[in-house]
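Structure, as structure tokens:
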Amino acid sequence: MIRFRRGRVVASALTVLAVGVGSACSAPGSSPTTDASTTGPIKMAVVNAQSGQLSSLGAWEYKGAKLAVDQWNAKGGINGRKIQLDVFDDTGDPTTGTNLARKIASEGYVAMIGTAESAVTVAMAPVLQQAKIPSITSGQSPSITAVKSPFQFLNGPTSTTYDETLAKYLVDQKSLKNIAFISNNGSYGKGEHDAFGKALADRGIKPVDDQVVTTDQKDFSAALTSIRQKNPQVLFVGTEEVEAGLIVKQAHELGLNTTVAGAAPMGTTVYLQTAGAANAEGTVVSSPYLSNDTSDASRAFAQAYKAAYNEDAELHGAKSYDGTNIFLTAMKDSNAATGLQLADKIRATQYPGLLGTFAFDQSGVGIHATSIGVITGGKLIATPTS
């Protein structure tokens with residue numbers, strides 16, 4: 001049976017939202033196959049922001065992972081063992097994430113889904129590597145692959161792929177070259193800024209304006225006024241969902257009515273609702289998962305997600321659903337291995353997921369392509385690319 005309990009971060013205490021019951025298992029430790037318990041539930045952790053500005057990401061990630069676990073448990077789990085899923089609140093903070101990594105390592109978890117925040121993922125990686133706990137993240141900053149941990153995987157492309165696809169569409173196909181940047185100074189924003197900047201530089205293009213804001217900023221009038229004076233054809237936004245929505249809303253209020261473009265966060269309902277449907281109209285989005293109606297698999301996933309949560313599925317839930325299924329497939333195929341043996345089996349797994357066919361390279365990236373969609377009538381619609 002699955003249950004919810006929630007705590008808060010107070011002083012040095014960890015904020016934890018835990019789901020599930022089960023006997024404690026020993027930590028994976030130094031041996032890849034013998035230290036974790038071989039009886040009782042298989043313990044998996046989901047780590048994401050469950051509170052704060054990024055909590056929508058955490059909610060989507062948890063629901064996608066839980067749906068996959070529920071489906072596996074309904075079929076008997078792995079070798080007759082149920083999967084126990086516990087979710088922890090990192091609040092979007094790297095220090096909290098590091099403390100949670102230590103907790104997970106000490107309490108017998110054999111795998112981790114998360115986080116959606118690249119900076120938190122990078123902070124947790126050394127602890128998880130030492131404990132030999134494989135993790136699959138929804139973060140997309142190239143800083144994640146730079147960690148070079150054999151236990152770190154990504155359930156989507158890096159910013160390099162997102163933004164090369166975007167540049168091909170905007171510059172190569174649409175011949176739009178007068179482009180302004182606004183990104184934040186967090187790990188995600190820096191990754192997007194640098195990746196799209198490189199894609200443009202490879203085409204001999206320099207941004208007409210390059211504004212950097214903070215991750216918690218709410219008023220963007222100064223940056224947007226500077227950009228408006230350059231009269232760009234395109235405004236590239238490199239921030240997460242809520243901030244991107246605020247930027248676009250304020251841009252329109254200032255009379256900056258230009259094509260807006262960005263990566264996956266701008267294809268979500270949170271971006272659409274924050275910006276306002278009229279302001280978000282025409283936004284160009286690079287994403288590996290444009291809608292719930294692209295294949296039989298996505299339609300089946302969306303139907304199951306809707307039945308479970310009474311809401312529509314989206315990219316982040318699809319990513320964690322894929323990531324969880326990859327973990328569980330690798331566990332099944334390796335006879336419930338842990339540690340390095342499990343990590344090696346994940347790397348060898350080719351999985352036909354919602355985002356595409358996963359084939360992991362040595363950097364831990366499994367998906368290597370995105371598509372272009374344009375928000376039209378409040379929906380993200382796939383757009384043909386040449």
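Residues in the structure tokens are named by chain (A, B, ... in the order shown) and by number from 1 within that chain; ligands are numbered from 1 in the order shown.
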
So that I can see what lies close to Asn73 in chain A, please list as a PyMOL selection string the residues with an atom at most 12 Å from it, counting only C-alpha atoms and leaving out residues fewer than 5 positions away in the same chain. chain A and resi 1-2+41-42+66-68+78-85+325+328

Who sits within 6 Å of Thr214 in chain A, only C-alpha atoms, same chain under 2 positions skipped, as a PDB file with N, CA and C atoms, in the first residue's frame:
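Saved file part36.pdb follows:
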ATOM      1  N   ASN A 184      18.625  32.948 -17.075  1.00  0.00           N
ATOM      2  CA  ASN A 184      18.965  33.191 -15.673  1.00  0.00           C
ATOM      3  C   ASN A 184      20.353  32.638 -15.349  1.00  0.00           C
ATOM      4  N   ASN A 185      20.828  32.975 -14.156  1.00  0.00           N
ATOM      5  CA  ASN A 185      22.186  32.600 -13.771  1.00  0.00           C
ATOM      6  C   ASN A 185      22.268  31.273 -13.043  1.00  0.00           C
ATOM      7  N   ASP A 216      15.502  33.940  -8.982  1.00  0.00           N
ATOM      8  CA  ASP A 216      14.318  34.313  -8.185  1.00  0.00           C
ATOM      9  C   ASP A 216      13.772  35.682  -8.555  1.00  0.00           C
ATOM     10  N   GLN A 217      14.218  36.224  -9.676  1.00  0.00           N
ATOM     11  CA  GLN A 217      13.784  37.564 -10.091  1.00  0.00           C
ATOM     12  C   GLN A 217      12.330  37.547 -10.551  1.00  0.00           C
TER      13      GLN A 217
END

For the contact check between range 73-160 of chain A and range 287-309 of chain A, emit one row per residue of range 73-160 of chain A within 12 Å, containing the shortest atom pair and the distance in Å rounded to one decimal, counting only C-alpha atoms, chain then rising number order, as a Markdown table.
| residue | atom | partner | partner_atom | distance |
| --- | --- | --- | --- | --- |
| A:Gln140 | CA | A:Ser287 | CA | 11.4 |
| A:Asn155 | CA | A:Pro288 | CA | 10.4 |
| A:Gly156 | CA | A:Pro288 | CA | 7.4 |
| A:Pro157 | CA | A:Pro288 | CA | 7.9 |
| A:Thr158 | CA | A:Ser287 | CA | 10.8 |
| A:Ser159 | CA | A:Ser287 | CA | 10.3 |

Take the selection from the previous step and output its residues with N, CA and C atoms, as a JSON list (two decimals), in the first residue's frame.
[["chain", "number", "residue", "atom", "x", "y", "z"],
["A", 140, "GLN", "N", 19.01, 18.97, -17.78],
["A", 140, "GLN", "CA", 19.55, 18.91, -19.13],
["A", 140, "GLN", "C", 20.81, 19.73, -19.32],
["A", 155, "ASN", "N", 17.39, 11.22, -18.66],
["A", 155, "ASN", "CA", 16.24, 10.67, -19.37],
["A", 155, "ASN", "C", 15.73, 11.62, -20.45],
["A", 156, "GLY", "N", 16.61, 12.46, -20.94],
["A", 156, "GLY", "CA", 16.33, 13.35, -22.06],
["A", 156, "GLY", "C", 17.64, 13.87, -22.61],
["A", 157, "PRO", "N", 17.59, 14.69, -23.64],
["A", 157, "PRO", "CA", 18.81, 15.25, -24.21],
["A", 157, "PRO", "C", 19.41, 16.33, -23.30],
["A", 158, "THR", "N", 20.63, 16.75, -23.63],
["A", 158, "THR", "CA", 21.20, 17.93, -22.97],
["A", 158, "THR", "C", 20.79, 19.19, -23.73],
["A", 159, "SER", "N", 21.09, 20.33, -23.13],
["A", 159, "SER", "CA", 20.77, 21.60, -23.77],
["A", 159, "SER", "C", 21.40, 21.73, -25.15]]

Taking 4 positions as the minimum chain separation for residues in the same chain, which residues sit within 8 Å of Glu164 in chain A when counting only C-alpha atoms? Answer as a PyMOL selection string. chain A and resi 160+168+195-196+199

Dump all heavy atoms for the selected residues as a PDB file, in the first residue's frame?
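Final output, result28.pdb:
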ATOM      1  N   THR A 160      22.535  21.085 -25.353  1.00  0.00           N
ATOM      2  CA  THR A 160      23.203  21.140 -26.653  1.00  0.00           C
ATOM      3  C   THR A 160      22.277  20.663 -27.760  1.00  0.00           C
ATOM      4  O   THR A 160      22.169  21.283 -28.826  1.00  0.00           O
ATOM      5  CB  THR A 160      24.486  20.294 -26.636  1.00  0.00           C
ATOM      6  OG1 THR A 160      25.362  20.795 -25.612  1.00  0.00           O
ATOM      7  CG2 THR A 160      25.191  20.334 -27.979  1.00  0.00           C
ATOM      8  N   LYS A 168      18.581  25.287 -35.877  1.00  0.00           N
ATOM      9  CA  LYS A 168      18.312  24.784 -37.224  1.00  0.00           C
ATOM     10  C   LYS A 168      16.973  25.310 -37.733  1.00  0.00           C
ATOM     11  O   LYS A 168      16.839  25.688 -38.906  1.00  0.00           O
ATOM     12  CB  LYS A 168      18.315  23.253 -37.236  1.00  0.00           C
ATOM     13  CG  LYS A 168      19.694  22.620 -37.157  1.00  0.00           C
ATOM     14  CD  LYS A 168      19.588  21.103 -37.175  1.00  0.00           C
ATOM     15  CE  LYS A 168      20.980  20.465 -37.115  1.00  0.00           C
ATOM     16  NZ  LYS A 168      20.895  18.977 -37.078  1.00  0.00           N
ATOM     17  N   ALA A 195      24.607  26.827 -24.660  1.00  0.00           N
ATOM     18  CA  ALA A 195      24.326  25.907 -25.769  1.00  0.00           C
ATOM     19  C   ALA A 195      23.746  26.643 -26.973  1.00  0.00           C
ATOM     20  O   ALA A 195      24.163  26.408 -28.121  1.00  0.00           O
ATOM     21  CB  ALA A 195      23.375  24.805 -25.306  1.00  0.00           C
ATOM     22  N   PHE A 196      22.779  27.533 -26.730  1.00  0.00           N
ATOM     23  CA  PHE A 196      22.202  28.263 -27.857  1.00  0.00           C
ATOM     24  C   PHE A 196      23.204  29.278 -28.408  1.00  0.00           C
ATOM     25  O   PHE A 196      23.271  29.513 -29.626  1.00  0.00           O
ATOM     26  CB  PHE A 196      20.907  28.964 -27.443  1.00  0.00           C
ATOM     27  CG  PHE A 196      20.088  29.442 -28.605  1.00  0.00           C
ATOM     28  CD1 PHE A 196      19.678  28.562 -29.601  1.00  0.00           C
ATOM     29  CD2 PHE A 196      19.714  30.771 -28.721  1.00  0.00           C
ATOM     30  CE1 PHE A 196      18.919  28.995 -30.687  1.00  0.00           C
ATOM     31  CE2 PHE A 196      18.949  31.223 -29.795  1.00  0.00           C
ATOM     32  CZ  PHE A 196      18.565  30.327 -30.778  1.00  0.00           C
ATOM     33  N   ALA A 199      25.408  27.371 -30.707  1.00  0.00           N
ATOM     34  CA  ALA A 199      24.712  27.031 -31.949  1.00  0.00           C
ATOM     35  C   ALA A 199      24.658  28.238 -32.886  1.00  0.00           C
ATOM     36  O   ALA A 199      24.824  28.101 -34.108  1.00  0.00           O
ATOM     37  CB  ALA A 199      23.300  26.535 -31.644  1.00  0.00           C
TER      38      ALA A 199
END

Could you pull the residues within 10 Å of Ile326 in chain A, counting only C-alpha atoms, minus those fewer than 6 positions along the same chain, as a PyMOL selection string? chain A and resi 68+136+155+320+332+345-347+349-353+358

Hey, what does DSSP flag as alpha helix (DSSP H) within range 49-172 of chain A? Can you give it to me as a ChimeraX atom specification? /A:55-74,94-106,118-131,142-146,159-167

To test your reading of the structure, identify every residue in range 172-248 of chain A that backbone DSSP assigns to strand (DSSP E or B), and report it as number ranges by chain. A: 179-184, 209-213, 234-238

Next, write the just-selected residues to a file, as a PDB file, in the first residue's frame, keeping N, CA, C and O atoms as the atom set.
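The new file result-v5.pdb reads:
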ATOM      1  N   ILE A 179      18.615  38.038 -33.044  1.00  0.00           N
ATOM      2  CA  ILE A 179      18.133  37.271 -31.885  1.00  0.00           C
ATOM      3  C   ILE A 179      18.681  37.867 -30.590  1.00  0.00           C
ATOM      4  O   ILE A 179      19.881  38.122 -30.470  1.00  0.00           O
ATOM      5  N   ALA A 180      17.793  38.075 -29.610  1.00  0.00           N
ATOM      6  CA  ALA A 180      18.181  38.551 -28.281  1.00  0.00           C
ATOM      7  C   ALA A 180      18.029  37.416 -27.272  1.00  0.00           C
ATOM      8  O   ALA A 180      17.156  36.554 -27.417  1.00  0.00           O
ATOM      9  N   PHE A 181      18.887  37.448 -26.244  1.00  0.00           N
ATOM     10  CA  PHE A 181      18.868  36.438 -25.186  1.00  0.00           C
ATOM     11  C   PHE A 181      18.366  37.046 -23.879  1.00  0.00           C
ATOM     12  O   PHE A 181      18.703  38.178 -23.540  1.00  0.00           O
ATOM     13  N   ILE A 182      17.603  36.256 -23.118  1.00  0.00           N
ATOM     14  CA  ILE A 182      17.403  36.510 -21.696  1.00  0.00           C
ATOM     15  C   ILE A 182      17.408  35.150 -21.008  1.00  0.00           C
ATOM     16  O   ILE A 182      16.634  34.254 -21.361  1.00  0.00           O
ATOM     17  N   SER A 183      18.325  34.962 -20.081  1.00  0.00           N
ATOM     18  CA  SER A 183      18.469  33.684 -19.384  1.00  0.00           C
ATOM     19  C   SER A 183      18.783  33.969 -17.925  1.00  0.00           C
ATOM     20  O   SER A 183      19.154  35.095 -17.563  1.00  0.00           O
ATOM     21  N   ASN A 184      18.625  32.948 -17.075  1.00  0.00           N
ATOM     22  CA  ASN A 184      18.965  33.191 -15.673  1.00  0.00           C
ATOM     23  C   ASN A 184      20.353  32.638 -15.349  1.00  0.00           C
ATOM     24  O   ASN A 184      20.972  31.931 -16.157  1.00  0.00           O
ATOM     25  N   ASP A 209      21.398  41.325 -28.109  1.00  0.00           N
ATOM     26  CA  ASP A 209      21.399  41.692 -26.697  1.00  0.00           C
ATOM     27  C   ASP A 209      21.474  40.396 -25.900  1.00  0.00           C
ATOM     28  O   ASP A 209      20.971  39.349 -26.341  1.00  0.00           O
ATOM     29  N   ASP A 210      22.102  40.462 -24.742  1.00  0.00           N
ATOM     30  CA  ASP A 210      22.327  39.253 -23.943  1.00  0.00           C
ATOM     31  C   ASP A 210      22.127  39.606 -22.476  1.00  0.00           C
ATOM     32  O   ASP A 210      23.053  40.059 -21.799  1.00  0.00           O
ATOM     33  N   GLN A 211      20.908  39.400 -21.985  1.00  0.00           N
ATOM     34  CA  GLN A 211      20.550  39.774 -20.628  1.00  0.00           C
ATOM     35  C   GLN A 211      20.519  38.541 -19.718  1.00  0.00           C
ATOM     36  O   GLN A 211      19.935  37.513 -20.068  1.00  0.00           O
ATOM     37  N   VAL A 212      21.154  38.668 -18.549  1.00  0.00           N
ATOM     38  CA  VAL A 212      21.157  37.588 -17.554  1.00  0.00           C
ATOM     39  C   VAL A 212      20.450  38.085 -16.295  1.00  0.00           C
ATOM     40  O   VAL A 212      20.788  39.150 -15.764  1.00  0.00           O
ATOM     41  N   VAL A 213      19.468  37.308 -15.819  1.00  0.00           N
ATOM     42  CA  VAL A 213      18.702  37.661 -14.627  1.00  0.00           C
ATOM     43  C   VAL A 213      18.955  36.607 -13.554  1.00  0.00           C
ATOM     44  O   VAL A 213      19.594  35.579 -13.813  1.00  0.00           O
ATOM     45  N   VAL A 234      13.695  37.601 -32.747  1.00  0.00           N
ATOM     46  CA  VAL A 234      13.451  36.474 -31.842  1.00  0.00           C
ATOM     47  C   VAL A 234      13.942  36.831 -30.446  1.00  0.00           C
ATOM     48  O   VAL A 234      15.022  37.420 -30.287  1.00  0.00           O
ATOM     49  N   LEU A 235      13.152  36.464 -29.429  1.00  0.00           N
ATOM     50  CA  LEU A 235      13.583  36.546 -28.035  1.00  0.00           C
ATOM     51  C   LEU A 235      13.784  35.124 -27.524  1.00  0.00           C
ATOM     52  O   LEU A 235      12.815  34.367 -27.376  1.00  0.00           O
ATOM     53  N   PHE A 236      15.025  34.753 -27.283  1.00  0.00           N
ATOM     54  CA  PHE A 236      15.336  33.433 -26.738  1.00  0.00           C
ATOM     55  C   PHE A 236      15.296  33.510 -25.222  1.00  0.00           C
ATOM     56  O   PHE A 236      15.989  34.331 -24.607  1.00  0.00           O
ATOM     57  N   VAL A 237      14.485  32.644 -24.597  1.00  0.00           N
ATOM     58  CA  VAL A 237      14.315  32.647 -23.144  1.00  0.00           C
ATOM     59  C   VAL A 237      14.913  31.369 -22.566  1.00  0.00           C
ATOM     60  O   VAL A 237      14.445  30.266 -22.866  1.00  0.00           O
ATOM     61  N   GLY A 238      15.927  31.519 -21.730  1.00  0.00           N
ATOM     62  CA  GLY A 238      16.588  30.371 -21.102  1.00  0.00           C
ATOM     63  C   GLY A 238      16.335  30.344 -19.612  1.00  0.00           C
ATOM     64  O   GLY A 238      17.254  30.572 -18.814  1.00  0.00           O
TER      65      GLY A 238
END

Write out as JSON, numbers by chain which residues come within 10 Å of Lys218 in chain A when counting only C-alpha atoms, dropping same-chain ones fewer than 4 positions away. {"A": [213, 214, 242, 243, 246, 247, 250]}

Find the residues around range 125-129 of chain A up to 8 Å (only C-alpha atoms counted), leave out those fewer than 3 positions away in its own chain, and share them as a PDB file with all heavy atoms, in the first residue's frame.
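The resulting file, selection-v5.pdb, is shown below:
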ATOM      1  N   THR A  98      22.166  17.393  -1.489  1.00  0.00           N
ATOM      2  CA  THR A  98      23.336  16.646  -1.025  1.00  0.00           C
ATOM      3  C   THR A  98      23.023  15.878   0.253  1.00  0.00           C
ATOM      4  O   THR A  98      23.397  14.709   0.409  1.00  0.00           O
ATOM      5  CB  THR A  98      24.517  17.598  -0.794  1.00  0.00           C
ATOM      6  OG1 THR A  98      24.830  18.267  -2.016  1.00  0.00           O
ATOM      7  CG2 THR A  98      25.752  16.831  -0.334  1.00  0.00           C
ATOM      8  N   ALA A 101      20.967  12.935  -0.617  1.00  0.00           N
ATOM      9  CA  ALA A 101      21.772  11.870  -1.225  1.00  0.00           C
ATOM     10  C   ALA A 101      22.409  11.003  -0.138  1.00  0.00           C
ATOM     11  O   ALA A 101      22.454   9.764  -0.250  1.00  0.00           O
ATOM     12  CB  ALA A 101      22.845  12.472  -2.132  1.00  0.00           C
ATOM     13  N   ARG A 102      22.896  11.638   0.920  1.00  0.00           N
ATOM     14  CA  ARG A 102      23.483  10.875   2.033  1.00  0.00           C
ATOM     15  C   ARG A 102      22.417  10.020   2.724  1.00  0.00           C
ATOM     16  O   ARG A 102      22.682   8.865   3.103  1.00  0.00           O
ATOM     17  CB  ARG A 102      24.131  11.832   3.032  1.00  0.00           C
ATOM     18  CG  ARG A 102      25.312  12.617   2.462  1.00  0.00           C
ATOM     19  CD  ARG A 102      26.059  13.359   3.562  1.00  0.00           C
ATOM     20  NE  ARG A 102      27.141  14.157   2.999  1.00  0.00           N
ATOM     21  CZ  ARG A 102      27.094  15.470   2.846  1.00  0.00           C
ATOM     22  NH1 ARG A 102      26.006  16.148   3.206  1.00  0.00           N
ATOM     23  NH2 ARG A 102      28.121  16.129   2.340  1.00  0.00           N
ATOM     24  N   ALA A 105      21.621   7.063   0.516  1.00  0.00           N
ATOM     25  CA  ALA A 105      22.729   6.103   0.540  1.00  0.00           C
ATOM     26  C   ALA A 105      22.735   5.283   1.822  1.00  0.00           C
ATOM     27  O   ALA A 105      23.159   4.118   1.828  1.00  0.00           O
ATOM     28  CB  ALA A 105      24.055   6.838   0.383  1.00  0.00           C
ATOM     29  N   THR A 121      21.206  18.058  -9.151  1.00  0.00           N
ATOM     30  CA  THR A 121      21.736  16.803  -9.673  1.00  0.00           C
ATOM     31  C   THR A 121      23.261  16.772  -9.579  1.00  0.00           C
ATOM     32  O   THR A 121      23.850  15.781  -9.137  1.00  0.00           O
ATOM     33  CB  THR A 121      21.310  16.609 -11.138  1.00  0.00           C
ATOM     34  OG1 THR A 121      19.889  16.491 -11.195  1.00  0.00           O
ATOM     35  CG2 THR A 121      21.927  15.357 -11.736  1.00  0.00           C
ATOM     36  N   VAL A 122      23.898  17.851 -10.001  1.00  0.00           N
ATOM     37  CA  VAL A 122      25.362  17.924  -9.959  1.00  0.00           C
ATOM     38  C   VAL A 122      25.866  17.825  -8.520  1.00  0.00           C
ATOM     39  O   VAL A 122      26.865  17.148  -8.240  1.00  0.00           O
ATOM     40  CB  VAL A 122      25.853  19.225 -10.620  1.00  0.00           C
ATOM     41  CG1 VAL A 122      27.341  19.443 -10.380  1.00  0.00           C
ATOM     42  CG2 VAL A 122      25.561  19.198 -12.120  1.00  0.00           C
ATOM     43  N   LYS A 132      27.457   4.107  -5.055  1.00  0.00           N
ATOM     44  CA  LYS A 132      27.135   3.227  -6.182  1.00  0.00           C
ATOM     45  C   LYS A 132      25.629   3.068  -6.379  1.00  0.00           C
ATOM     46  O   LYS A 132      25.117   1.968  -6.568  1.00  0.00           O
ATOM     47  CB  LYS A 132      27.823   1.874  -6.021  1.00  0.00           C
ATOM     48  CG  LYS A 132      29.343   1.987  -5.977  1.00  0.00           C
ATOM     49  CD  LYS A 132      30.035   0.641  -5.944  1.00  0.00           C
ATOM     50  CE  LYS A 132      31.556   0.832  -5.960  1.00  0.00           C
ATOM     51  NZ  LYS A 132      32.278  -0.455  -5.906  1.00  0.00           N
ATOM     52  N   ILE A 133      24.950   4.209  -6.366  1.00  0.00           N
ATOM     53  CA  ILE A 133      23.508   4.240  -6.591  1.00  0.00           C
ATOM     54  C   ILE A 133      23.243   4.899  -7.938  1.00  0.00           C
ATOM     55  O   ILE A 133      23.472   6.103  -8.098  1.00  0.00           O
ATOM     56  CB  ILE A 133      22.779   5.009  -5.483  1.00  0.00           C
ATOM     57  CG1 ILE A 133      23.011   4.331  -4.126  1.00  0.00           C
ATOM     58  CG2 ILE A 133      21.281   5.093  -5.782  1.00  0.00           C
ATOM     59  CD1 ILE A 133      22.435   5.107  -2.954  1.00  0.00           C
ATOM     60  N   PRO A 134      22.759   4.175  -8.933  1.00  0.00           N
ATOM     61  CA  PRO A 134      22.442   4.787 -10.225  1.00  0.00           C
ATOM     62  C   PRO A 134      21.308   5.808 -10.090  1.00  0.00           C
ATOM     63  O   PRO A 134      20.362   5.608  -9.333  1.00  0.00           O
ATOM     64  CB  PRO A 134      22.016   3.599 -11.093  1.00  0.00           C
ATOM     65  CG  PRO A 134      22.599   2.410 -10.423  1.00  0.00           C
ATOM     66  CD  PRO A 134      22.580   2.712  -8.958  1.00  0.00           C
ATOM     67  N   SER A 135      21.435   6.889 -10.845  1.00  0.00           N
ATOM     68  CA  SER A 135      20.425   7.943 -10.841  1.00  0.00           C
ATOM     69  C   SER A 135      20.146   8.351 -12.272  1.00  0.00           C
ATOM     70  O   SER A 135      21.054   8.423 -13.094  1.00  0.00           O
ATOM     71  CB  SER A 135      20.933   9.153 -10.049  1.00  0.00           C
ATOM     72  OG  SER A 135      20.081  10.272 -10.212  1.00  0.00           O
ATOM     73  N   VAL A 147      30.259  15.818 -14.979  1.00  0.00           N
ATOM     74  CA  VAL A 147      30.593  15.124 -13.735  1.00  0.00           C
ATOM     75  C   VAL A 147      31.284  13.792 -14.028  1.00  0.00           C
ATOM     76  O   VAL A 147      32.108  13.311 -13.262  1.00  0.00           O
ATOM     77  CB  VAL A 147      29.315  14.896 -12.896  1.00  0.00           C
ATOM     78  CG1 VAL A 147      29.597  14.003 -11.698  1.00  0.00           C
ATOM     79  CG2 VAL A 147      28.745  16.233 -12.434  1.00  0.00           C
ATOM     80  N   SER A 149      30.185  10.680 -14.027  1.00  0.00           N
ATOM     81  CA  SER A 149      29.909   9.578 -13.110  1.00  0.00           C
ATOM     82  C   SER A 149      29.314   8.407 -13.882  1.00  0.00           C
ATOM     83  O   SER A 149      28.351   8.595 -14.639  1.00  0.00           O
ATOM     84  CB  SER A 149      28.916  10.014 -12.029  1.00  0.00           C
ATOM     85  OG  SER A 149      28.436   8.891 -11.310  1.00  0.00           O
ATOM     86  N   PRO A 150      29.826   7.192 -13.697  1.00  0.00           N
ATOM     87  CA  PRO A 150      29.241   6.029 -14.373  1.00  0.00           C
ATOM     88  C   PRO A 150      27.872   5.653 -13.822  1.00  0.00           C
ATOM     89  O   PRO A 150      27.209   4.772 -14.366  1.00  0.00           O
ATOM     90  CB  PRO A 150      30.264   4.928 -14.095  1.00  0.00           C
ATOM     91  CG  PRO A 150      30.928   5.327 -12.827  1.00  0.00           C
ATOM     92  CD  PRO A 150      30.996   6.832 -12.874  1.00  0.00           C
ATOM     93  N   PHE A 151      27.426   6.346 -12.768  1.00  0.00           N
ATOM     94  CA  PHE A 151      26.126   6.067 -12.159  1.00  0.00           C
ATOM     95  C   PHE A 151      25.087   7.129 -12.509  1.00  0.00           C
ATOM     96  O   PHE A 151      23.950   7.053 -12.058  1.00  0.00           O
ATOM     97  CB  PHE A 151      26.269   5.959 -10.633  1.00  0.00           C
ATOM     98  CG  PHE A 151      27.137   4.815 -10.203  1.00  0.00           C
ATOM     99  CD1 PHE A 151      28.500   5.004 -10.032  1.00  0.00           C
ATOM    100  CD2 PHE A 151      26.612   3.550 -10.020  1.00  0.00           C
ATOM    101  CE1 PHE A 151      29.317   3.948  -9.658  1.00  0.00           C
ATOM    102  CE2 PHE A 151      27.416   2.492  -9.653  1.00  0.00           C
ATOM    103  CZ  PHE A 151      28.778   2.680  -9.475  1.00  0.00           C
ATOM    104  N   GLN A 152      25.468   8.118 -13.324  1.00  0.00           N
ATOM    105  CA  GLN A 152      24.566   9.205 -13.658  1.00  0.00           C
ATOM    106  C   GLN A 152      24.051   9.079 -15.091  1.00  0.00           C
ATOM    107  O   GLN A 152      24.837   8.984 -16.033  1.00  0.00           O
ATOM    108  CB  GLN A 152      25.272  10.558 -13.509  1.00  0.00           C
ATOM    109  CG  GLN A 152      24.374  11.755 -13.745  1.00  0.00           C
ATOM    110  CD  GLN A 152      23.282  11.870 -12.699  1.00  0.00           C
ATOM    111  OE1 GLN A 152      23.555  12.133 -11.536  1.00  0.00           O
ATOM    112  NE2 GLN A 152      22.043  11.651 -13.099  1.00  0.00           N
TER     113      GLN A 152
END

Among listed residues A:Phe153, A:Tyr169, A:Tyr271, A:Tyr188, nearest Ser363 in chain A (using only C-alpha atoms): A:Phe153

Got a sec: who's within 9 Å of Glu61 in chain A, counting only C-alpha atoms, leaving out chain neighbours fewer than 4 positions off, as a list in words?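 What passes the distance filter is Val46, Val47, Asn48, Ser56, Leu57, Ala65, Lys66, Ile113, Gly114, Thr115, Ala116, Ser138, His316, Gly317, Ala318, Lys319, Ser320 and Tyr321 of chain A.
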
Using only C-alpha atoms, which of A:Ile227, A:Leu154, A:Ala45, A:Val260 sits nearest Ala359 in chain A? A:Leu154
